[in-house]
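Peer 1: Here you go, this is structure16.cif (mmCIF, C-alpha atoms and all ligand atoms).
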data_query
#
loop_
_atom_site.label_atom_id
_atom_site.label_comp_id
_atom_site.auth_asym_id
_atom_site.auth_seq_id
_atom_site.Cartn_x
_atom_site.Cartn_y
_atom_site.Cartn_z
CA MET A 857 -8.43 12.94 3.86
CA GLU A 858 -9.15 10.22 1.29
CA LEU A 859 -6.14 8.09 0.37
CA THR A 860 -6.57 8.02 -3.37
CA ALA A 861 -4.40 7.56 -6.45
CA GLY A 862 -2.57 10.73 -7.45
CA LYS A 863 -1.96 11.89 -3.88
CA VAL A 864 1.63 12.04 -2.64
CA ALA A 865 2.89 10.72 0.72
CA VAL A 866 6.26 11.40 2.35
CA VAL A 867 7.42 8.93 5.01
CA THR A 868 10.53 9.38 7.15
CA GLY A 869 12.23 6.32 8.60
CA ALA A 870 10.72 4.52 5.59
CA ALA A 871 13.46 1.91 5.19
CA SER A 872 12.31 -0.26 8.11
CA GLY A 873 9.52 -1.17 10.50
CA ILE A 874 6.50 1.11 10.80
CA GLY A 875 7.81 3.54 8.15
CA PHE A 876 8.18 0.81 5.54
CA ALA A 877 4.71 -0.51 6.41
CA LEU A 878 3.23 2.99 5.98
CA ALA A 879 4.95 3.37 2.61
CA SER A 880 3.58 -0.05 1.52
CA ARG A 881 0.07 0.79 2.74
CA PHE A 882 0.01 4.08 0.83
CA ALA A 883 1.46 2.43 -2.31
CA ARG A 884 -1.35 -0.16 -2.17
CA ALA A 885 -3.86 2.70 -2.06
CA GLY A 886 -2.31 4.11 -5.26
CA LEU A 887 -0.40 7.04 -3.78
CA ASP A 888 3.01 8.18 -4.98
CA VAL A 889 5.51 7.63 -2.17
CA VAL A 890 8.59 9.59 -1.13
CA LEU A 891 10.77 7.47 1.15
CA ALA A 892 13.28 9.21 3.42
CA ASP A 893 15.77 7.50 5.67
CA ILE A 894 19.31 7.85 6.97
CA GLU A 895 20.24 4.23 6.19
CA GLN A 896 21.02 4.43 2.49
CA SER A 897 21.28 0.76 1.46
CA ALA A 898 18.09 -0.17 3.34
CA LEU A 899 16.41 2.89 1.81
CA ALA A 900 17.32 1.84 -1.75
CA GLU A 901 16.03 -1.68 -1.10
CA ALA A 902 12.79 -0.40 0.47
CA SER A 903 12.20 2.03 -2.38
CA GLN A 904 12.66 -0.78 -4.93
CA LYS A 905 10.13 -2.94 -3.07
CA ILE A 906 7.56 -0.11 -3.09
CA ALA A 907 8.23 0.55 -6.78
CA ASP A 908 7.71 -3.18 -7.45
CA MET A 909 4.20 -2.74 -6.01
CA GLY A 910 3.49 -0.38 -8.90
CA ALA A 911 3.89 2.94 -7.07
CA ARG A 912 5.88 5.89 -8.32
CA THR A 913 8.61 6.45 -5.75
CA LEU A 914 11.38 8.82 -4.80
CA ALA A 915 14.06 7.84 -2.28
CA VAL A 916 15.83 10.69 -0.50
CA ALA A 917 18.69 10.01 1.91
CA THR A 918 17.76 12.23 4.85
CA ASP A 919 18.91 12.80 8.41
CA VAL A 920 15.73 14.17 9.97
CA SER A 921 17.66 15.80 12.81
CA ASP A 922 19.22 18.14 10.22
CA GLU A 923 16.90 21.02 9.28
CA ALA A 924 18.59 21.64 5.91
CA ALA A 925 18.26 17.96 5.00
CA VAL A 926 14.51 17.97 5.73
CA GLN A 927 14.03 21.22 3.78
CA ALA A 928 15.88 19.54 0.89
CA LEU A 929 13.58 16.52 1.23
CA ALA A 930 10.51 18.76 0.89
CA ALA A 931 11.99 20.53 -2.13
CA ALA A 932 12.88 17.20 -3.80
CA ALA A 933 9.40 15.76 -3.16
CA ILE A 934 7.63 18.80 -4.61
CA GLU A 935 9.99 18.98 -7.57
CA ARG A 936 9.39 15.30 -8.39
CA PHE A 937 5.63 15.08 -7.83
CA GLY A 938 4.42 18.71 -7.81
CA ALA A 939 2.64 18.39 -4.45
CA VAL A 940 2.68 16.60 -1.10
CA HIS A 941 -0.57 15.66 0.66
CA LEU A 942 0.50 13.39 3.51
CA VAL A 943 3.64 13.65 5.65
CA CYS A 944 4.53 10.93 8.15
CA ASN A 945 7.16 12.15 10.58
CA ASN A 946 8.02 8.66 11.71
CA ALA A 947 11.81 8.21 12.01
CA GLY A 948 12.81 7.41 15.58
CA VAL A 949 15.55 5.91 17.74
CA GLU A 950 16.07 4.80 21.34
CA SER A 951 19.20 4.74 23.46
CA ASP A 952 20.22 2.35 26.24
CA ALA A 953 22.76 4.82 27.64
CA ASP A 954 22.55 5.91 31.27
CA PRO A 955 20.52 9.15 31.07
CA TRP A 956 22.00 10.78 34.17
CA LEU A 957 25.53 9.39 34.48
CA GLY A 958 26.29 8.69 30.80
CA PRO A 959 27.34 11.20 28.14
CA ILE A 960 24.96 13.91 26.97
CA SER A 961 25.42 12.70 23.37
CA ALA A 962 22.70 10.05 23.83
CA TRP A 963 20.16 12.78 24.72
CA LYS A 964 21.26 14.85 21.72
CA TRP A 965 20.80 11.88 19.39
CA VAL A 966 17.38 10.79 20.68
CA LEU A 967 15.93 14.31 20.88
CA GLY A 968 17.56 15.21 17.55
CA VAL A 969 15.83 12.40 15.67
CA ASN A 970 12.60 11.89 17.63
CA LEU A 971 11.71 15.51 18.43
CA TRP A 972 13.67 17.81 16.11
CA GLY A 973 12.92 15.40 13.25
CA VAL A 974 9.19 15.99 13.76
CA ILE A 975 9.64 19.76 14.18
CA HIS A 976 11.71 19.96 10.99
CA GLY A 977 9.15 17.84 9.14
CA ILE A 978 6.24 20.08 10.14
CA ARG A 979 8.12 23.29 9.38
CA ALA A 980 9.37 22.06 6.00
CA PHE A 981 6.01 20.84 4.68
CA LEU A 982 3.39 23.03 6.42
CA PRO A 983 3.84 26.14 4.21
CA HIS A 984 3.14 23.97 1.18
CA MET A 985 0.17 22.22 2.81
CA LEU A 986 -1.52 25.45 3.92
CA GLY A 987 -2.21 26.27 0.27
CA GLN A 988 -3.71 22.99 -0.85
CA GLY A 989 -4.55 21.00 2.31
CA GLY A 990 -3.03 17.83 3.66
CA HIS A 991 -2.41 15.69 6.71
CA PHE A 992 0.49 15.15 9.13
CA VAL A 993 1.01 11.82 10.89
CA ASN A 994 3.54 12.09 13.72
CA THR A 995 4.79 8.84 15.25
CA ALA A 996 5.03 9.22 19.02
CA SER A 997 4.55 6.16 21.25
CA ILE A 998 2.54 5.17 24.28
CA ALA A 999 5.74 6.49 25.94
CA GLY A 1000 4.36 9.89 24.92
CA LEU A 1001 1.57 9.48 27.47
CA TYR A 1002 3.15 7.18 30.00
CA PRO A 1003 6.77 7.75 31.04
CA GLY A 1004 8.08 4.33 31.95
CA PHE A 1005 10.70 3.53 29.34
CA ALA A 1006 13.91 5.57 28.94
CA PRO A 1007 13.92 9.26 29.99
CA SER A 1008 15.23 10.63 26.68
CA TYR A 1009 12.74 8.51 24.73
CA ASP A 1010 9.86 9.40 27.07
CA ALA A 1011 10.74 13.11 26.88
CA SER A 1012 10.94 13.09 23.08
CA LYS A 1013 7.63 11.27 22.70
CA HIS A 1014 5.78 13.44 25.25
CA ALA A 1015 6.96 16.44 23.24
CA VAL A 1016 5.76 14.88 19.97
CA VAL A 1017 2.29 14.31 21.46
CA ALA A 1018 2.23 17.91 22.73
CA ILE A 1019 3.27 19.58 19.49
CA SER A 1020 0.94 17.36 17.48
CA GLU A 1021 -1.98 18.42 19.67
CA ASP A 1022 -0.92 22.08 19.40
CA LEU A 1023 -0.71 21.79 15.62
CA TYR A 1024 -4.11 20.09 15.45
CA ASN A 1025 -5.67 22.84 17.60
CA SER A 1026 -4.15 25.72 15.66
CA MET A 1027 -5.16 24.24 12.30
CA SER A 1028 -8.75 23.62 13.37
CA LEU A 1029 -9.11 26.96 15.22
CA ALA A 1030 -7.98 28.79 12.07
CA GLY A 1031 -10.17 26.59 9.86
CA LEU A 1032 -7.16 25.48 7.82
CA PRO A 1033 -7.42 22.30 5.77
CA VAL A 1034 -4.54 20.46 7.45
CA GLY A 1035 -5.28 17.35 9.52
CA VAL A 1036 -3.04 15.86 12.18
CA SER A 1037 -2.80 12.39 13.69
CA VAL A 1038 -0.45 11.21 16.41
CA VAL A 1039 0.49 7.53 16.58
CA CYS A 1040 0.96 6.10 20.09
CA PRO A 1041 1.69 2.38 19.73
CA GLY A 1042 2.70 -0.12 22.37
CA TRP A 1043 5.25 -2.71 21.25
CA VAL A 1044 5.55 -3.25 17.48
CA ARG A 1045 7.69 -5.92 15.77
CA THR A 1046 10.40 -3.72 14.18
CA ASN A 1047 14.16 -3.10 14.33
CA ILE A 1048 13.91 -0.31 16.94
CA MET A 1049 16.01 -2.23 19.48
CA ASP A 1050 18.89 -2.09 16.98
CA ALA A 1051 18.51 1.67 16.56
CA SER A 1052 22.18 2.14 17.48
CA ARG A 1053 23.05 0.94 13.96
CA ASN A 1054 22.39 4.57 13.01
CA TRP A 1055 24.42 6.19 15.81
CA PRO A 1056 26.03 9.24 14.14
CA ALA A 1057 29.85 9.33 14.13
CA SER A 1058 29.60 13.10 14.70
CA LEU A 1059 28.47 12.41 18.31
CA GLY A 1060 31.64 10.48 19.14
CA ASP A 1061 31.80 7.00 20.65
CA GLN A 1062 28.58 5.18 21.34
CA PRO A 1063 27.86 5.23 25.10
CA PRO A 1064 27.66 1.86 26.91
CA PRO A 1065 24.26 0.62 28.13
CA SER A 1066 23.16 1.49 31.66
CA PHE A 1067 22.82 -1.26 34.29
CA GLY A 1068 19.05 -1.06 34.11
CA ALA A 1069 19.04 -1.30 30.31
CA GLU A 1070 21.10 -4.49 30.42
CA VAL A 1071 18.28 -6.13 32.36
CA VAL A 1072 15.32 -4.52 30.66
CA SER A 1073 16.52 -4.71 27.01
CA LYS A 1074 16.27 -8.47 26.73
CA HIS A 1075 12.68 -8.37 27.98
CA VAL A 1076 11.83 -5.51 25.60
CA ARG A 1077 13.35 -7.45 22.70
CA HIS A 1078 11.18 -10.41 23.64
CA ALA A 1079 8.06 -8.22 23.90
CA ILE A 1080 8.83 -6.70 20.50
CA ASP A 1081 9.44 -10.12 18.91
CA GLU A 1082 5.96 -11.15 20.08
CA ALA A 1083 4.28 -7.84 19.23
CA ILE A 1084 1.83 -6.76 16.54
CA LEU A 1085 3.12 -6.23 13.01
CA PRO A 1086 4.00 -2.83 11.54
CA ALA A 1087 1.38 -3.50 8.85
CA ASP A 1088 -1.29 -3.53 11.59
CA VAL A 1089 -0.15 -0.06 12.67
CA ALA A 1090 -0.16 1.14 9.05
CA ASP A 1091 -3.79 0.03 8.66
CA LEU A 1092 -4.76 1.94 11.82
CA VAL A 1093 -2.96 5.03 10.50
CA ALA A 1094 -4.65 4.79 7.11
CA ASP A 1095 -8.07 4.60 8.83
CA ALA A 1096 -7.24 7.57 11.06
CA VAL A 1097 -6.14 9.73 8.11
CA THR A 1098 -9.24 8.80 6.13
CA GLU A 1099 -11.55 9.53 9.07
CA GLY A 1100 -9.66 12.64 10.27
CA ARG A 1101 -8.93 11.09 13.67
CA PHE A 1102 -6.15 12.53 15.86
CA TRP A 1103 -5.31 9.63 18.20
CA VAL A 1104 -3.95 6.35 16.86
CA PHE A 1105 -3.57 3.67 19.53
CA THR A 1106 -2.83 -0.01 19.24
CA GLU A 1107 -3.92 -2.37 22.05
CA GLN A 1108 -6.13 -1.16 24.91
CA PRO A 1109 -3.84 -2.38 27.77
CA PHE A 1110 -1.26 0.21 26.68
CA VAL A 1111 -3.88 2.96 26.71
CA ASP A 1112 -4.87 1.74 30.19
CA LEU A 1113 -1.32 2.53 31.38
CA ALA A 1114 -1.85 6.17 30.46
CA ILE A 1115 -5.33 6.25 31.99
CA ARG A 1116 -3.99 4.76 35.23
CA ARG A 1117 -1.27 7.42 35.32
CA TRP A 1118 -3.87 10.16 34.91
CA HIS A 1119 -5.86 8.73 37.80
CA THR A 1120 -2.78 9.12 40.04
CA ILE A 1121 -2.35 12.69 38.75
CA ALA A 1122 -6.00 13.50 39.48
CA GLU A 1123 -5.54 12.11 42.99
CA ARG A 1124 -2.31 14.14 43.45
CA ALA A 1125 -0.68 10.79 44.28
CA ASN A 1126 3.02 10.14 43.74
CA PRO A 1127 3.95 8.15 40.60
CA ASP A 1128 3.18 4.45 41.00
CA ARG A 1129 6.34 2.30 40.66
CA ASN A 1130 4.46 -0.98 40.69
CA VAL A 1131 2.89 -0.90 37.26
CA ASP A 1132 3.11 -4.00 35.07
CA VAL A 1133 3.72 -3.09 31.43
CA PRO A 1134 2.01 -5.38 28.86
CA GLY A 1135 4.43 -7.92 27.39
CA MET A 1136 6.99 -7.38 30.16
CA PRO A 1137 7.65 -9.40 33.33
CA PRO A 1138 5.96 -8.07 36.50
CA ALA A 1139 7.49 -4.84 37.85
CA GLU A 1140 8.61 -6.64 41.02
CA GLN A 1141 10.59 -9.22 39.02
CA LEU A 1142 12.29 -6.51 36.94
CA ARG A 1143 13.30 -4.65 40.10
CA GLU A 1144 14.78 -7.83 41.60
CA GLU A 1145 16.75 -8.52 38.39
CA VAL A 1146 18.22 -5.00 38.42
CA MET A 1147 19.08 -5.24 42.15
CA ARG A 1148 20.83 -8.60 41.56
CA LEU A 1149 22.93 -7.09 38.77
CA ILE A 1150 23.92 -4.08 40.85
CA GLY A 1151 24.78 -6.53 43.66
N1 LIG B 1 8.72 -0.65 17.58
C1 LIG B 1 8.04 -0.21 18.62
O1 LIG B 1 7.75 -1.00 19.57
C2 LIG B 1 7.58 1.22 18.69
C3 LIG B 1 6.61 1.58 19.64
C4 LIG B 1 6.17 2.88 19.71
C5 LIG B 1 6.68 3.83 18.84
N2 LIG B 1 7.63 3.48 17.92
C6 LIG B 1 8.15 4.52 17.03
O2 LIG B 1 7.95 4.12 15.68
C7 LIG B 1 8.84 4.87 14.85
C8 LIG B 1 9.47 3.94 13.82
O3 LIG B 1 10.35 3.04 14.48
P1 LIG B 1 10.35 1.47 14.21
O4 LIG B 1 9.87 0.83 15.45
O5 LIG B 1 9.71 1.17 12.93
O6 LIG B 1 11.93 1.18 14.18
P2 LIG B 1 12.91 0.79 12.99
O7 LIG B 1 14.28 0.86 13.56
O8 LIG B 1 12.47 -0.50 12.38
O9 LIG B 1 12.70 1.96 11.93
C9 LIG B 1 13.16 3.28 12.20
C10 LIG B 1 13.69 3.89 10.90
O10 LIG B 1 14.15 5.23 11.17
C11 LIG B 1 15.39 5.41 10.48
N3 LIG B 1 16.17 6.49 11.10
C12 LIG B 1 16.90 6.44 12.25
N4 LIG B 1 17.52 7.61 12.45
C13 LIG B 1 17.17 8.43 11.41
C14 LIG B 1 17.48 9.77 11.06
N5 LIG B 1 18.31 10.51 11.81
N6 LIG B 1 16.94 10.28 9.95
C15 LIG B 1 16.11 9.53 9.16
N7 LIG B 1 15.80 8.26 9.43
C16 LIG B 1 16.31 7.71 10.55
C17 LIG B 1 16.07 4.05 10.58
O11 LIG B 1 17.11 3.90 9.62
C18 LIG B 1 14.90 3.11 10.35
O12 LIG B 1 14.74 2.83 8.98
C19 LIG B 1 9.84 5.54 15.79
O13 LIG B 1 9.49 6.91 15.94
C20 LIG B 1 9.64 4.79 17.10
O14 LIG B 1 10.01 5.58 18.22
C21 LIG B 1 8.08 2.20 17.82
#
For this file, produce the structure as structure tokens.
Ligand SMILES: NC(=O)c1ccc[n+]([C@@H]2O[C@H](COP(=O)([O-])OP(=O)(O)OC[C@H]3O[C@@H](n4cnc5c(N)ncnc54)[C@H](O)[C@@H]3O)[C@@H](O)[C@H]2O)c1

Peer 2:
Amino acid sequence: MELTAGKVAVVTGAASGIGFALASRFARAGLDVVLADIEQSALAEASQKIADMGARTLAVATDVSDEAAVQALAAAAIERFGAVHLVCNNAGVESDADPWLGPISAWKWVLGVNLWGVIHGIRAFLPHMLGQGGHFVNTASIAGLYPGFAPSYDASKHAVVAISEDLYNSMSLAGLPVGVSVVCPGWVRTNIMDASRNWPASLGDQPPPSFGAEVVSKHVRHAIDEAILPADVADLVADAVTEGRFWVFTEQPFVDLAIRRWHTIAERANPDRNVDVPGMPPAEQLREEVMRLIG
């Protein structure tokens, strides 16, 4: 789909990081931009910045884990601009809570935003798109192809890759004019490590970090501080939408993680614990740091 003036893009998680970069990229191409986010002050600021670039904007405070809120977002976007051509289901969070011994609330939060947010986004906008055509961009992660981060995050992102592929297949099998891309980045320089700023009060107290997370988080923060910029991801997404490409990857070493995993699957070998993740210390060092902490 050509990104041309007069088209309308909706971006969730648009107040920060990759979402804000997508909104900026589309504004530069002349699109009208609907920005949705749960963080209202950051959303207002982001929307003003996009408007200052000359784009027509609409900011809609939205919790993507809430179906009614995402339906209201779709209605507001169509009422304001008359149509929606591009929907980026991008909002996402990660939790440092212990997945097995900590409270279930951390799972509910991560799956609610990362997975249900994408499901709600597709269901709210697809009926409209079937009539006139359009494109979905779902932000997964390389964690959607290589489980090596946090279980709730890995599970949510694997599911986003799966439903994106299913949607792509059903649209193309039926010959419907709706494109799909799935974004699977490695590290990107954003505020994701401070995702807990949006922990919902409705889920009770925020769970403490797990032992492992205490060790790993500081390395992940470092990797993210050194990572590619969200604007780089936005350029890759814009190219993928224009060229009708499904997969959006960033650097090859992250893709190699997934390929290596598939080699072990093909060999029926057990999962390999000794994999070095780009930007992180060697696996052996991480294991020693965790063992030292546990004592
Ligand atoms: N940063 C990375 O290294 C990286 C790597 C791979 C994938 N991703 C994915 O990229 C996407 C964007 O994250 P980011 O890295 O830009 O982080 P970010 O924290 O900078 O931006 C995420 C945005 O989502 C919003 N958000 C959180 N909960 C929400 C909710 N319930 N409803 C609506 N909006 C909500 C936040 O307020 C924030 O503006 C996420 O899906 C994330 O999982 C990030």

Peer 1: Report, in Å with one decimal, the straight-line distance from atom CA of A:Ala1006 to atom O7 of ligand LIG 1 (chain B).

Peer 2: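 Answer for the atom CA of A:Ala1006 to atom O7 of ligand LIG 1 (chain B) separation: 16.1 Å.
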
Peer 1: Could you jot down the atom CA of A:Ala953 to atom CA of A:Glu1070 separation for me, Å, one decimal place?

Peer 2: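 Going from atom CA of A:Ala953 over to atom CA of A:Glu1070, I get 9.9 Å.
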
Peer 1: Within 12 Å of (12.7, 9.4, 29.3), in the coordinates the file gives, what residues turn up when you count all atoms listed in the file, written out as an MDAnalysis selection string?

Peer 2: chainID A and resid 950:956 962:963 966:967 970 997 999:1015

Peer 1: Suppose you want the space between atom CA of A:Gln1108 and atom CA of A:Ala879; what is it in Å?

Peer 2: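 Computing the Euclidean distance for atom CA of A:Gln1108 and atom CA of A:Ala879 yields 25.3 Å.
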
Peer 1: Output the neighbourhood of ligand LIG 1 (chain B) as an NGL selection string, that is, all protein and nucleic acid residues with some atom at most 6 Å from the ligand, counting only C-alpha atoms and all ligand atoms.

Peer 2: :A and (868-875 or 893-895 or 918-921 or 946-949 or 969 or 995-997 or 1041-1048 or 1051 or 1054 or 1080)

Peer 1: Pick from A:Val1111, A:Val1036, A:Ala1079, A:Ile1121: nearest to A:Gly990, with all atoms listed in the file counted?

Peer 2: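 Nearest to A:Gly990: A:Val1036.
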
Peer 1: Measuring atom to atom with only C-alpha atoms, identify which of A:Ala1125, A:Cys1040, A:Val1133, A:Ala1087 is nearest to A:Leu1113.

Peer 2: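 The answer is A:Val1133, which sits nearest to A:Leu1113.
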
Peer 1: Kindly indicate which residue among A:Ala932, A:Ala939, A:Val1131, A:Val993 lies nearest to A:Leu1092, using all atoms listed in the file for the distances.

Peer 2: A:Val993

Peer 1: Name all residues at most 9 Å from A:Gln988 (count only C-alpha atoms; drop same-chain ones fewer than 4 positions away) and give them as a list in words.

Peer 2: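 After dropping sequence-adjacent residues, the list is Ala939, His941, His984, Pro1033 and Val1034 of chain A.
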
Peer 1: Skipping near chain neighbours, those fewer than 3 positions away, what residues fall within 12 Å of A:Lys1074 using all atoms listed in the file, listed as number ranges by chain?

Peer 2: A: 952, 1049-1050, 1068-1071, 1077-1081, 1135-1137, 1142, 1145

Peer 1: Which one is closest to A:Val1146: A:Ala1083, A:Val940, A:Gly968, A:Ser1066? Count only C-alpha atoms.

Peer 2: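 Nearest candidate to A:Val1146 out of A:Ala1083, A:Val940, A:Gly968, A:Ser1066: A:Ser1066.
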
Peer 1: Pick out the closest residue to A:Val1093 from this set: A:His991, A:Lys905, A:Arg979, A:Arg1143. Count all atoms listed in the file.

Peer 2: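 Distance minimum relative to A:Val1093 lands on A:His991.
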